[in-house]
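Peer 1: Supplied in structure tokens, the structure appears directly below.
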Amino acid sequence: MKTERPETGELLLQIKEKLEQADSVLLFPHVLMDGDALGSAAALCLALRRRGKQAEILLEDAVPANLRFLDRGLCTYESSLPAEPDVCMAVDCSDPGRFEKRQERFRAGKLRISIDHHVTNKGFADIDLVEPGAGATGEIVYRLLCAMGCPIDEETGLALYAAIATDTGNYQYSNTTKESHLITAALYDSGMDHTIANREIYQTVRPEKVKLTARTMAAMEFFCEGKGVVACVSQKDLKETGAWMEETEGLAEELRNICGVEISCLLKESETGAVKVSLRAKGSRNVAAVSAAFGGGGHPGAAGCTLKGPMEEAKGLIMKAIAGELESC
């Protein structure tokens with residue numbers, strides 16, 4: 001089943017040893033958390049608590065409605081752990097900017113660990129376990145829990161299933177590997193009910209989200225002879241539809257799914273005026289390179305960054321960068 005790099009096994013054993021020695025562990029998923037970030041953190045937190053550890057997931061933004069089933073009392077905005085936890089662990093974060101408001105708390109840990117699968121992660125902790133070949137951070141967490149001898153029970157299995165299924169696009173994306181399927185198959189032995197995750201994640205859509213999706217898709221713009229597509233979500237759009245910004249999750253993928261499109265881009269105006277950019281690609285196109293030009297990160301097929309300034313200005317900059325990537329191949 002294992003396809004990780006040789007050094008990954010050594011790092012797993014190092015992290016196993018440190019976690020076994022720790023009494024308090026604080027977990028840090030990235031902002032605008034997705035199923036992989038929260039699912040991986042939830043699986044770790046559950047397993048650590050069942051080992052008698054003090055463990056919490058520290059957040060700075062709201063849990064998306066379709067992922068709240070993963071919380072189970074694990075998440076907090078004001079940690080009750082010691083001011084200097086034995087271990088602070090970043091989960092699915094390519095860089096500290098992905099948990100910007102919690103960086104000071106992360107650095108307060110006696111030992112800092114990062115577990116991630118983003119190719120743009122250059123390392124920022126005392127121990128960095130970065131496996132770009134993994135379809136999801138959840139796959140790495142599964143291997144860590146196995147190395148620790150932690151039983152994968154129903155709740156832990158469900159959290160890991162949510163992590164892997166969402167980050168592989170239900171096993172459609174190019175990051176999906178044989179191991180993604182083998183680990184998922186093993187999770188069924190935990191007794192987890194995958195229909196719970198599927199119902200909560202995909203089948204609880206609010207009417208407001210449908211209205212926002214329709215509005216956004218109607219205003220999308222094609223460029224580079226239809227190989228690129230861009231769409232925008234403003235604060236005005238949210239106000240007039242009643243939708244939440246978290247409900248834009250999946251829109252970048254829907255844009256990419258359009259026939260002929262090779263790179264899609266979704267721009268989201270934050271309350272502060274900054275523009276969050278989500279990029280998706282097909283085939284050999286590399287949106288990680290596009291996002292890196294603006295200080296962002298991610299994978300070749302899925303990446304993101306943040307731009308300052310008006311929406312129209314940000315859109316022009318990102319469209320120019322995307323056009324450069326499309327014309328380079």
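Lettering and numbering for the structure tokens are positional, with chains as A, B, ... in the shown order, residues counted from 1 in each chain, and ligands counted from 1 in the shown order.
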What are the nearest atom pairs, with distances in Å to one decimal, for all residues of segment 203-257 of chain A that come at most 12 Å from segment 297-321 of chain A, using only C-alpha atoms, set out by chain and rising residue number as a Markdown table?
Peer 2:
```
| residue | atom | partner | partner_atom | distance |
| --- | --- | --- | --- | --- |
| A:Met220 | CA | A:Lys315 | CA | 11.7 |
| A:Glu221 | CA | A:Met319 | CA | 10.2 |
| A:Phe222 | CA | A:Met319 | CA | 10.0 |
| A:Phe223 | CA | A:Met319 | CA | 8.2 |
| A:Cys224 | CA | A:Met319 | CA | 9.4 |
| A:Lys227 | CA | A:Met319 | CA | 11.4 |
| A:Gly228 | CA | A:Met319 | CA | 8.1 |
| A:Val229 | CA | A:Met319 | CA | 8.6 |
| A:Val230 | CA | A:Met319 | CA | 7.6 |
| A:Ala231 | CA | A:Lys315 | CA | 8.8 |
| A:Cys232 | CA | A:Met311 | CA | 8.0 |
| A:Val233 | CA | A:Met311 | CA | 9.2 |
| A:Ser234 | CA | A:Met311 | CA | 8.1 |
| A:Gln235 | CA | A:Met311 | CA | 10.7 |
| A:Gly250 | CA | A:Ala302 | CA | 11.5 |
| A:Ala252 | CA | A:Ala302 | CA | 9.2 |
| A:Glu253 | CA | A:Ala302 | CA | 9.1 |
| A:Arg256 | CA | A:Gly301 | CA | 10.3 |
```
Peer 1: If you run DSSP on this backbone, which residues of segment 140-284 of chain A come out as strand (DSSP E or B), and could you give them as a list in words?
Peer 2: Glu221, Phe222, Phe223, Gly228, Val229, Val230, Ala231, Cys232, Val233, Ile263, Ser264, Cys265, Leu266, Leu267, Lys268, Glu269, Val275, Lys276, Val277, Ser278, Leu279, Arg280 and Ala281 of chain A
Peer 1: Residues of segment 4-76 of chain A that have any atom at most 9 Å from an atom of segment 105-126 of chain A: could you tabulate them with the shortest-distance atom pair and the distance in Å to one decimal, using only C-alpha atoms, ordered by chain and increasing number, as CSV?
Peer 2:
```
residue,atom,partner,partner_atom,distance
A:Ile15,CA,A:Ile113,CA,7.9
A:Lys18,CA,A:Leu111,CA,8.5
A:Val25,CA,A:Gly109,CA,8.6
A:Leu26,CA,A:Phe106,CA,8.1
A:Leu27,CA,A:Phe106,CA,8.7
A:Phe28,CA,A:Phe106,CA,7.7
```
Peer 1: So how far away is atom CA of Leu46 of chain A from atom CA of Glu249 of chain A, in Å?
Peer 2: 25.7 Å
Peer 1: Could you list, with a cut-off of 12 Å and counting only C-alpha atoms, the residues of segment 40-104 of chain A near segment 165-177 of chain A, each shown with its nearest atom pair and the distance in Å rounded to one decimal, rows sorted by chain and ascending number, as a Markdown table?
Peer 2:
```
| residue | atom | partner | partner_atom | distance |
| --- | --- | --- | --- | --- |
| A:Ser40 | CA | A:Asp167 | CA | 10.9 |
| A:Asn66 | CA | A:Thr166 | CA | 11.7 |
| A:Leu67 | CA | A:Thr166 | CA | 10.8 |
| A:Asp92 | CA | A:Asp167 | CA | 10.7 |
```
Peer 1: Extract, using only C-alpha atoms, all DNA, RNA and protein residues at most 10 Å from Glu247 of chain A, discarding same-chain residues fewer than 6 positions from it, and format them as a count of residues only.
Peer 2: 11
Peer 1: Can you pull out every residue within 8 Å of segment 180-186 of chain A, counting only C-alpha atoms, but drop anything in the same chain fewer than 3 positions away, and send it as an mmCIF file with C-alpha atoms, in the first residue's frame?
Peer 2:
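Output saved as part.cif:
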```
data_model
loop_
_atom_site.group_PDB
_atom_site.id
_atom_site.type_symbol
_atom_site.label_atom_id
_atom_site.label_comp_id
_atom_site.auth_asym_id
_atom_site.auth_seq_id
_atom_site.Cartn_x
_atom_site.Cartn_y
_atom_site.Cartn_z
ATOM 1 C CA MET A 1 0.000 0.000 0.000
ATOM 2 C CA ALA A 134 -0.378 11.798 -1.277
ATOM 3 C CA GLY A 135 -3.861 12.435 -2.600
ATOM 4 C CA GLU A 139 -3.758 9.603 3.793
ATOM 5 C CA TYR A 142 -3.967 7.408 8.372
ATOM 6 C CA TYR A 161 -12.992 9.216 4.639
ATOM 7 C CA ILE A 164 -9.648 11.743 1.351
ATOM 8 C CA TYR A 171 -11.499 10.068 -6.522
ATOM 9 C CA THR A 176 -5.896 10.223 -6.713
ATOM 10 C CA THR A 177 -3.656 7.158 -6.459
ATOM 11 C CA ASP A 189 -13.351 -2.045 8.153
ATOM 12 C CA SER A 190 -13.729 0.601 10.878
#
```
Peer 1: Could you tell me, as a PyMOL selection string, which residues of segment 248-284 of chain A DSSP assigns to helix (DSSP H, G or I) when given the backbone?
Peer 2: chain A and resi 248+251-256
Peer 1: Write the residues you've just listed into a file as a PDB file, in the first residue's frame, and include N, CA, C and O atoms for each of them.
Peer 2:
```pdb
ATOM      1  N   THR A 248     -19.262  29.051  -1.486  1.00  0.00           N
ATOM      2  CA  THR A 248     -18.641  29.075  -2.812  1.00  0.00           C
ATOM      3  C   THR A 248     -17.778  27.845  -3.037  1.00  0.00           C
ATOM      4  O   THR A 248     -17.260  27.630  -4.139  1.00  0.00           O
ATOM      5  N   LEU A 251     -17.262  25.814  -6.465  1.00  0.00           N
ATOM      6  CA  LEU A 251     -17.545  26.597  -7.663  1.00  0.00           C
ATOM      7  C   LEU A 251     -16.378  26.595  -8.650  1.00  0.00           C
ATOM      8  O   LEU A 251     -16.584  26.528  -9.866  1.00  0.00           O
ATOM      9  N   ALA A 252     -15.160  26.666  -8.118  1.00  0.00           N
ATOM     10  CA  ALA A 252     -13.992  26.655  -9.005  1.00  0.00           C
ATOM     11  C   ALA A 252     -13.924  25.356  -9.787  1.00  0.00           C
ATOM     12  O   ALA A 252     -13.549  25.336 -10.971  1.00  0.00           O
ATOM     13  N   GLU A 253     -14.326  24.250  -9.145  1.00  0.00           N
ATOM     14  CA  GLU A 253     -14.343  22.948  -9.823  1.00  0.00           C
ATOM     15  C   GLU A 253     -15.430  22.908 -10.893  1.00  0.00           C
ATOM     16  O   GLU A 253     -15.229  22.362 -11.990  1.00  0.00           O
ATOM     17  N   GLU A 254     -16.589  23.478 -10.586  1.00  0.00           N
ATOM     18  CA  GLU A 254     -17.670  23.500 -11.581  1.00  0.00           C
ATOM     19  C   GLU A 254     -17.253  24.274 -12.815  1.00  0.00           C
ATOM     20  O   GLU A 254     -17.583  23.894 -13.952  1.00  0.00           O
ATOM     21  N   LEU A 255     -16.537  25.364 -12.610  1.00  0.00           N
ATOM     22  CA  LEU A 255     -16.047  26.143 -13.747  1.00  0.00           C
ATOM     23  C   LEU A 255     -15.037  25.339 -14.562  1.00  0.00           C
ATOM     24  O   LEU A 255     -15.061  25.351 -15.795  1.00  0.00           O
ATOM     25  N   ARG A 256     -14.158  24.625 -13.873  1.00  0.00           N
ATOM     26  CA  ARG A 256     -13.159  23.811 -14.570  1.00  0.00           C
ATOM     27  C   ARG A 256     -13.802  22.689 -15.371  1.00  0.00           C
ATOM     28  O   ARG A 256     -13.282  22.267 -16.422  1.00  0.00           O
TER      29      ARG A 256
END
```
Peer 1: When distances are computed from only C-alpha atoms, which of A:Asp61, A:Asp128, A:Glu84, A:Glu271 shows the smallest separation from Glu10 of chain A?
Peer 2: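 Of all the options, A:Asp128 lies closest to Glu10 of chain A.
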Peer 1: Find, counting only C-alpha atoms, the residue in A:Gly324, A:Pro29, A:Gly226, A:Gly73 that gets nearest to Gly97 of chain A.
Peer 2: A:Pro29
